[in-house]
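Below you'll find the structure, written out as structure tokens, and then a few comments.
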Amino acid sequence: MAGAAALIAGSLYAVHGGQGPQAAKLAGADRPRTGPARAGSGDSAALAARVAGRLGDRTAGGYLDAAGRPVVTVTGAADAAMVRSAGAVPKTMRTSPRTLHRATAALRRTMAGTPGTGWAVDPATSQVVMWTDGSVTGPRMAAARRAAAGLGAAVRMVRVPGRLRTLALGGDAIFGGGARCSLGFNVQRAGRPFFLTAGHCGNIVQDWTADQEGAQALGTTVQSDFPGNDFALVQETAGAQSAVDLHDGTAQPITKAADAVVGQRVARSGSTTGVHTGRVTAVGATVNFPEGTVTGMIQTTVCAEPGDSGGPLFSGSTALGLTSGGSGDCRTGGVTFFQPVTEALQAFGAQLP
């Protein structure tokens with residue numbers, strides 16, 4: 001780790017906003033939580049994701065319940081039997097996947113581009129959870145309420161204190177062009193070393209260094225995607241280990257990448273706030289930042305603050321996501337969204353070392 005602090009997956013966040021005394025209940029947040037832990041329930045999460053994938057559009061997805069069991073939503077007895085035979089717990093949906101799909105499509109038509117709003121399917125309640133932050137008031141709030149009311153019981157509205165926004169500053173990981181962001185995960189493409197970071201960082205920085213003075217060159221942004229997605233690929237001047245800095249003198253090796261599952265225990269590393277843990281509360285979330293709309297996000301209860309942008313979301317030795325944005329702080333709690341790392345790897349044709 002000596003001399004390579006910025007080359008170990010680190011720590012910068014994309015968002016900061018005031019947090020009220022009571023956190024909103026977002027998708028999945030009404031399930032009981034167990035204590036924090038760095039190592040997640042990777043096997044159960046992988047099973048839930050695999051079985052839900054086999055069902056395709058006949059399910060609203062899978063999640064881990066309070067006991068850590070893999071649960072997959074179903075609509076019929078045959079699918080329930082298949083889920084049981086695979087070792088997961090079936091849960092009959094109260095709202096059909098088709099209805100939920102129609103609801104999210106309607107919200108994309110009516111609310112896309114409205115800053116401070118977003119939505120995701122909560123498989124545990126068979127609902128679409130739509131959220132609004134503190135900036136959504138007056139006519140915009142009235143429009144949001146009309147959109148939700150028009151979709152009936154399929155949609156549940158919640159309020160997120162503060163404001164959802166990206167803000168690439170703070171921390172000590174990677175610098176460039178007056179901005180400061182963080183390395184997410186070290187990767188390889190065609191045998192050459194690269195690293196991933198947030199797309200809203202890659203959009204504004206071409207040449208990255210490990211120090212604010214610009215004396216220690218790290219790499220050059222070669223591809224960046226934001227909004228829509230939020231990931232960037234940086235070609236490194238030298239390779240580095242596949243690990244996450246735990247900010248206690250140790251590092252967590254990263255050996256594989258996977259999709260996150262609702263209910264999964266996860267951790268985020270950030271140089272501003274260190275390592276914090278929480279749970280995945282939704283996947284496939286849509287977030288309308290002031291800078292644009294990002295889709296397919298991982299929603300979590302993990303807190304973050306300015307200085308954590310682009311940093312890694314992980315569960316044990318499994319890479320899950322890149323810090324994008326959210327609301328709140330690590331004193332009173334918050335909501336944070338992450339770009340799935342599997343999508344970034346596929347888009348860039350990259351692999352973990």
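Chain lettering (A, B, ...) mirrors the order of the structure tokens, residue numbering begins at 1 for each chain separately, and ligand numbering begins at 1 in order of display.
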
**In segment 26-200 of chain A, DSSP alpha helix (DSSP H) residues written as a PyMOL selection string** = chain A and resi 42-55+77-85+97-111+138-149+199-200

Using DSSP on the backbone coordinates, identify the residues of segment 45-129 of chain A assigned to strand (DSSP E); present them as an mmCIF file with all heavy atoms, in the first residue's frame.
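Final output, saved to part-v8.cif:
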data_model
loop_
_atom_site.group_PDB
_atom_site.id
_atom_site.type_symbol
_atom_site.label_atom_id
_atom_site.label_comp_id
_atom_site.auth_asym_id
_atom_site.auth_seq_id
_atom_site.Cartn_x
_atom_site.Cartn_y
_atom_site.Cartn_z
ATOM 1 N N GLY A 62 -35.545 -10.455 -6.549
ATOM 2 C CA GLY A 62 -35.282 -11.168 -5.314
ATOM 3 C C GLY A 62 -34.696 -10.233 -4.277
ATOM 4 O O GLY A 62 -34.289 -9.118 -4.581
ATOM 5 N N TYR A 63 -34.658 -10.712 -3.036
ATOM 6 C CA TYR A 63 -34.063 -9.919 -1.968
ATOM 7 C C TYR A 63 -33.698 -10.844 -0.817
ATOM 8 O O TYR A 63 -34.073 -12.024 -0.801
ATOM 9 C CB TYR A 63 -35.016 -8.817 -1.493
ATOM 10 C CG TYR A 63 -36.322 -9.295 -0.902
ATOM 11 C CD1 TYR A 63 -36.479 -9.459 0.471
ATOM 12 C CD2 TYR A 63 -37.422 -9.565 -1.720
ATOM 13 C CE1 TYR A 63 -37.686 -9.891 1.018
ATOM 14 C CE2 TYR A 63 -38.640 -9.990 -1.179
ATOM 15 C CZ TYR A 63 -38.759 -10.148 0.195
ATOM 16 O OH TYR A 63 -39.951 -10.578 0.724
ATOM 17 N N LEU A 64 -32.966 -10.327 0.152
ATOM 18 C CA LEU A 64 -32.649 -11.063 1.370
ATOM 19 C C LEU A 64 -33.538 -10.536 2.487
ATOM 20 O O LEU A 64 -33.625 -9.329 2.703
ATOM 21 C CB LEU A 64 -31.178 -10.878 1.746
ATOM 22 C CG LEU A 64 -30.146 -11.307 0.697
ATOM 23 C CD1 LEU A 64 -28.743 -11.160 1.263
ATOM 24 C CD2 LEU A 64 -30.388 -12.729 0.220
ATOM 25 N N PRO A 70 -32.587 -15.947 1.074
ATOM 26 C CA PRO A 70 -32.887 -15.454 -0.272
ATOM 27 C C PRO A 70 -34.361 -15.638 -0.595
ATOM 28 O O PRO A 70 -34.895 -16.750 -0.519
ATOM 29 C CB PRO A 70 -32.006 -16.327 -1.175
ATOM 30 C CG PRO A 70 -31.823 -17.596 -0.405
ATOM 31 C CD PRO A 70 -31.808 -17.200 1.046
ATOM 32 N N VAL A 71 -35.044 -14.551 -0.917
ATOM 33 C CA VAL A 71 -36.469 -14.567 -1.245
ATOM 34 C C VAL A 71 -36.634 -14.114 -2.685
ATOM 35 O O VAL A 71 -35.998 -13.156 -3.121
ATOM 36 C CB VAL A 71 -37.266 -13.636 -0.314
ATOM 37 C CG1 VAL A 71 -38.755 -13.668 -0.659
ATOM 38 C CG2 VAL A 71 -37.047 -14.023 1.139
ATOM 39 N N VAL A 72 -37.476 -14.789 -3.444
ATOM 40 C CA VAL A 72 -37.748 -14.424 -4.839
ATOM 41 C C VAL A 72 -39.254 -14.307 -5.022
ATOM 42 O O VAL A 72 -40.012 -15.198 -4.624
ATOM 43 C CB VAL A 72 -37.169 -15.465 -5.816
ATOM 44 C CG1 VAL A 72 -37.499 -15.093 -7.262
ATOM 45 C CG2 VAL A 72 -35.660 -15.580 -5.636
ATOM 46 N N THR A 73 -39.699 -13.216 -5.623
ATOM 47 C CA THR A 73 -41.131 -12.981 -5.817
ATOM 48 C C THR A 73 -41.648 -13.792 -7.002
ATOM 49 O O THR A 73 -40.972 -13.927 -8.026
ATOM 50 C CB THR A 73 -41.405 -11.492 -6.044
ATOM 51 O OG1 THR A 73 -40.615 -11.024 -7.142
ATOM 52 C CG2 THR A 73 -41.043 -10.686 -4.810
ATOM 53 N N VAL A 74 -42.871 -14.302 -6.861
ATOM 54 C CA VAL A 74 -43.467 -15.159 -7.892
ATOM 55 C C VAL A 74 -44.940 -14.802 -8.058
ATOM 56 O O VAL A 74 -45.532 -14.136 -7.208
ATOM 57 C CB VAL A 74 -43.338 -16.657 -7.539
ATOM 58 C CG1 VAL A 74 -41.881 -17.075 -7.452
ATOM 59 C CG2 VAL A 74 -44.063 -16.958 -6.219
ATOM 60 N N VAL A 89 -36.675 -18.874 -1.038
ATOM 61 C CA VAL A 89 -38.030 -18.786 -0.490
ATOM 62 C C VAL A 89 -38.910 -18.019 -1.475
ATOM 63 O O VAL A 89 -38.608 -16.869 -1.815
ATOM 64 C CB VAL A 89 -38.024 -18.051 0.859
ATOM 65 C CG1 VAL A 89 -39.441 -17.923 1.405
ATOM 66 C CG2 VAL A 89 -37.115 -18.763 1.857
ATOM 67 N N PRO A 90 -40.015 -18.615 -1.961
ATOM 68 C CA PRO A 90 -40.902 -17.873 -2.867
ATOM 69 C C PRO A 90 -41.841 -16.959 -2.088
ATOM 70 O O PRO A 90 -42.267 -17.281 -0.981
ATOM 71 C CB PRO A 90 -41.688 -18.986 -3.566
ATOM 72 C CG PRO A 90 -41.724 -20.098 -2.558
ATOM 73 C CD PRO A 90 -40.428 -20.016 -1.788
ATOM 74 N N LYS A 91 -42.152 -15.799 -2.663
ATOM 75 C CA LYS A 91 -43.133 -14.897 -2.072
ATOM 76 C C LYS A 91 -44.089 -14.451 -3.166
ATOM 77 O O LYS A 91 -43.676 -13.884 -4.180
ATOM 78 C CB LYS A 91 -42.463 -13.669 -1.452
ATOM 79 C CG LYS A 91 -43.485 -12.705 -0.837
ATOM 80 C CD LYS A 91 -42.836 -11.553 -0.107
ATOM 81 C CE LYS A 91 -43.894 -10.640 0.501
ATOM 82 N NZ LYS A 91 -43.305 -9.522 1.262
ATOM 83 N N THR A 92 -45.376 -14.718 -2.945
ATOM 84 C CA THR A 92 -46.383 -14.366 -3.945
ATOM 85 C C THR A 92 -46.577 -12.858 -3.984
ATOM 86 O O THR A 92 -46.748 -12.208 -2.948
ATOM 87 C CB THR A 92 -47.717 -15.051 -3.627
ATOM 88 O OG1 THR A 92 -47.516 -16.472 -3.602
ATOM 89 C CG2 THR A 92 -48.758 -14.707 -4.679
ATOM 90 N N THR A 117 -36.286 13.806 -7.885
ATOM 91 C CA THR A 117 -37.234 12.693 -7.858
ATOM 92 C C THR A 117 -36.557 11.416 -8.333
ATOM 93 O O THR A 117 -35.505 11.448 -8.961
ATOM 94 C CB THR A 117 -38.461 12.964 -8.749
ATOM 95 O OG1 THR A 117 -38.035 13.027 -10.127
ATOM 96 C CG2 THR A 117 -39.138 14.262 -8.376
ATOM 97 N N GLY A 118 -37.184 10.297 -8.043
ATOM 98 C CA GLY A 118 -36.686 9.014 -8.520
ATOM 99 C C GLY A 118 -37.633 7.910 -8.103
ATOM 100 O O GLY A 118 -38.595 8.146 -7.368
ATOM 101 N N TRP A 119 -37.350 6.706 -8.572
ATOM 102 C CA TRP A 119 -38.235 5.584 -8.246
ATOM 103 C C TRP A 119 -37.519 4.262 -8.451
ATOM 104 O O TRP A 119 -36.523 4.172 -9.176
ATOM 105 C CB TRP A 119 -39.500 5.628 -9.103
ATOM 106 C CG TRP A 119 -39.218 5.782 -10.575
ATOM 107 C CD1 TRP A 119 -38.942 4.806 -11.493
ATOM 108 C CD2 TRP A 119 -39.149 7.024 -11.281
ATOM 109 N NE1 TRP A 119 -38.714 5.358 -12.723
ATOM 110 C CE2 TRP A 119 -38.843 6.715 -12.635
ATOM 111 C CE3 TRP A 119 -39.322 8.371 -10.922
ATOM 112 C CZ2 TRP A 119 -38.690 7.703 -13.611
ATOM 113 C CZ3 TRP A 119 -39.179 9.356 -11.894
ATOM 114 C CH2 TRP A 119 -38.869 9.007 -13.224
ATOM 115 N N ALA A 120 -38.041 3.237 -7.790
ATOM 116 C CA ALA A 120 -37.514 1.881 -7.925
ATOM 117 C C ALA A 120 -38.579 0.906 -7.474
ATOM 118 O O ALA A 120 -39.459 1.241 -6.665
ATOM 119 C CB ALA A 120 -36.253 1.692 -7.086
ATOM 120 N N VAL A 121 -38.520 -0.321 -7.974
ATOM 121 C CA VAL A 121 -39.431 -1.378 -7.554
ATOM 122 C C VAL A 121 -38.940 -1.979 -6.249
ATOM 123 O O VAL A 121 -37.765 -2.328 -6.118
ATOM 124 C CB VAL A 121 -39.537 -2.470 -8.638
ATOM 125 C CG1 VAL A 121 -40.344 -3.660 -8.126
ATOM 126 C CG2 VAL A 121 -40.162 -1.905 -9.905
ATOM 127 N N ASP A 122 -39.827 -2.086 -5.282
ATOM 128 C CA ASP A 122 -39.528 -2.755 -4.020
ATOM 129 C C ASP A 122 -40.122 -4.161 -4.083
ATOM 130 O O ASP A 122 -41.342 -4.330 -3.959
ATOM 131 C CB ASP A 122 -40.140 -1.976 -2.862
ATOM 132 C CG ASP A 122 -39.845 -2.618 -1.508
ATOM 133 O OD1 ASP A 122 -39.096 -3.606 -1.466
ATOM 134 O OD2 ASP A 122 -40.365 -2.128 -0.495
ATOM 135 N N GLN A 127 -44.456 -3.012 -4.820
ATOM 136 C CA GLN A 127 -44.810 -1.642 -5.163
ATOM 137 C C GLN A 127 -43.637 -0.935 -5.821
ATOM 138 O O GLN A 127 -42.476 -1.340 -5.667
ATOM 139 C CB GLN A 127 -45.193 -0.849 -3.907
ATOM 140 C CG GLN A 127 -46.530 -1.200 -3.296
ATOM 141 C CD GLN A 127 -46.799 -0.346 -2.075
ATOM 142 O OE1 GLN A 127 -45.994 -0.285 -1.147
ATOM 143 N NE2 GLN A 127 -47.932 0.336 -2.077
ATOM 144 N N VAL A 128 -43.960 0.136 -6.550
ATOM 145 C CA VAL A 128 -42.953 1.078 -6.999
ATOM 146 C C VAL A 128 -42.880 2.179 -5.955
ATOM 147 O O VAL A 128 -43.898 2.786 -5.614
ATOM 148 C CB VAL A 128 -43.301 1.678 -8.374
ATOM 149 C CG1 VAL A 128 -42.286 2.758 -8.758
ATOM 150 C CG2 VAL A 128 -43.352 0.587 -9.437
ATOM 151 N N VAL A 129 -41.692 2.402 -5.398
ATOM 152 C CA VAL A 129 -41.510 3.480 -4.429
ATOM 153 C C VAL A 129 -40.981 4.701 -5.176
ATOM 154 O O VAL A 129 -39.952 4.643 -5.833
ATOM 155 C CB VAL A 129 -40.550 3.070 -3.311
ATOM 156 C CG1 VAL A 129 -40.335 4.227 -2.338
ATOM 157 C CG2 VAL A 129 -41.092 1.866 -2.561
#

**Prompt:** Hey, can you check how far atom CA of Pro290 of chain A sits from atom CA of Ala154 of chain A?
**Reply:**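 Value for the atom CA of Pro290 of chain A-atom CA of Ala154 of chain A distance: 26.4 Å.
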
**Prompt:** Between atom CA of Gly311 of chain A and atom CA of Ala243 of chain A, what is the spacing in Å?
**Reply:**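 Atom CA of Gly311 of chain A lies at a distance of 11.8 Å from atom CA of Ala243 of chain A.
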
Set out as JSON lines a contact list for segment 212-324 of chain A and segment 133-140 of chain A with a cut-off of 12 Å, giving each residue of segment 212-324 of chain A that qualifies its closest atom pair and distance in Å to one decimal, counting only C-alpha atoms, ordered by chain and rising residue number.
{"residue": "A:Val287", "atom": "CA", "partner": "A:Asp133", "partner_atom": "CA", "distance": 10.8}
{"residue": "A:Asn288", "atom": "CA", "partner": "A:Asp133", "partner_atom": "CA", "distance": 10.3}
{"residue": "A:Phe289", "atom": "CA", "partner": "A:Asp133", "partner_atom": "CA", "distance": 10.5}
{"residue": "A:Pro290", "atom": "CA", "partner": "A:Ser135", "partner_atom": "CA", "distance": 10.3}

Please save N, CA and C atoms of the selected residues as a PDB file, in the first residue's frame.
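Written output follows (result-v6.pdb):
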ATOM      1  N   VAL A 287     -32.808   7.874 -10.766  1.00  0.00           N
ATOM      2  CA  VAL A 287     -32.565   9.070  -9.956  1.00  0.00           C
ATOM      3  C   VAL A 287     -32.450  10.272 -10.877  1.00  0.00           C
ATOM      4  N   ASN A 288     -33.249  11.306 -10.608  1.00  0.00           N
ATOM      5  CA  ASN A 288     -33.205  12.538 -11.390  1.00  0.00           C
ATOM      6  C   ASN A 288     -32.365  13.583 -10.660  1.00  0.00           C
ATOM      7  N   PHE A 289     -31.048  13.611 -10.960  1.00  0.00           N
ATOM      8  CA  PHE A 289     -30.165  14.636 -10.423  1.00  0.00           C
ATOM      9  C   PHE A 289     -30.368  15.938 -11.200  1.00  0.00           C
ATOM     10  N   PRO A 290     -29.987  17.079 -10.632  1.00  0.00           N
ATOM     11  CA  PRO A 290     -30.051  18.325 -11.400  1.00  0.00           C
ATOM     12  C   PRO A 290     -29.255  18.257 -12.699  1.00  0.00           C
TER      13      PRO A 290
END

**Message:** Show me, as a list in words, the residues that have an atom within 10 Å of Gly274 of chain A when counting only C-alpha atoms, minus same-chain residues fewer than 5 positions from it.
**Reply:**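 My reading of the contact set: Gly10, Ser11, Asp245, Leu246, His247, Asp248, Arg268, Ser269, Ala304 and Asp308 of chain A.
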
**Item:** Nearest candidate to Gly326 of chain A (options A:His101, A:Arg163, A:Arg108, A:Lys256; using only C-alpha atoms)
**Value:**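 Smallest separation from Gly326 of chain A among the options: A:Arg163.
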
**Request:** Kindly give the distance, in Å, that separates atom CA of Gly334 of chain A and atom CA of Thr286 of chain A, rounded to a single decimal.
**Result:**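 Spanning atom CA of Gly334 of chain A to atom CA of Thr286 of chain A is a straight-line distance of 17.1 Å.
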
**Request:** Compile the contact shell of Pro97 of chain A as a ChimeraX atom specification: residues with an atom at most 7 Å away, counting only C-alpha atoms, same-chain residues fewer than 6 positions apart removed.
**Result:** /A:57-60

**Request:** Can you work out which one of A:Leu164, A:Ile254, A:Val335, A:Leu233 has the shortest atom-to-atom distance to Val280 of chain A, counting only C-alpha atoms?
**Result:** A:Val335

**Prompt:** Which of these residues is nearest to Gly263 of chain A, using only C-alpha atoms: A:Ala251, A:Ile204, A:Ala282, A:Val83?
**Reply:** A:Ala282

**Message:** List as a list in words the protein and nucleic acid residues near Arg192 of chain A, meaning an atom at most 9 Å away when only C-alpha atoms are counted, but skip any in the same chain fewer than 6 places from it.
**Reply:**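 That gives Gln235, Glu236, Ala238 and Gly239 of chain A.
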
Could you save the residues just selected, with N, CA and C atoms, as a compact mmCIF listing (two decimals), in the first residue's frame?
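selection33.txt, freshly written:
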# COMPACT_ATOMS: atom_id res chain seq x y z
N GLN A 235 -7.12 5.05 -17.80
CA GLN A 235 -5.94 4.22 -18.05
C GLN A 235 -4.83 4.63 -17.10
N GLU A 236 -4.32 3.67 -16.34
CA GLU A 236 -3.33 3.96 -15.31
C GLU A 236 -1.92 4.02 -15.89
N ALA A 238 0.53 2.95 -14.06
CA ALA A 238 1.09 1.71 -13.52
C ALA A 238 -0.03 0.92 -12.88
N GLY A 239 0.09 -0.38 -12.85
CA GLY A 239 -0.95 -1.21 -12.27
C GLY A 239 -0.93 -1.18 -10.75

**Prompt:** Do you know which residues are at most 7 Å from Pro227 of chain A counting only C-alpha atoms, after dropping those on the same chain fewer than 2 positions away, and could you put them as a list in words?
**Reply:**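 Here the answer would be Asp225, Asn229, Asp230, Gly292, Thr293 and Val294 of chain A.
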
**Shell around Gln188 of chain A at 12 Å using only C-alpha atoms, local window under 5 positions removed, as a VMD selection string** = chain A and resid 193 to 196 233 to 236 238 to 242 345 348 to 353
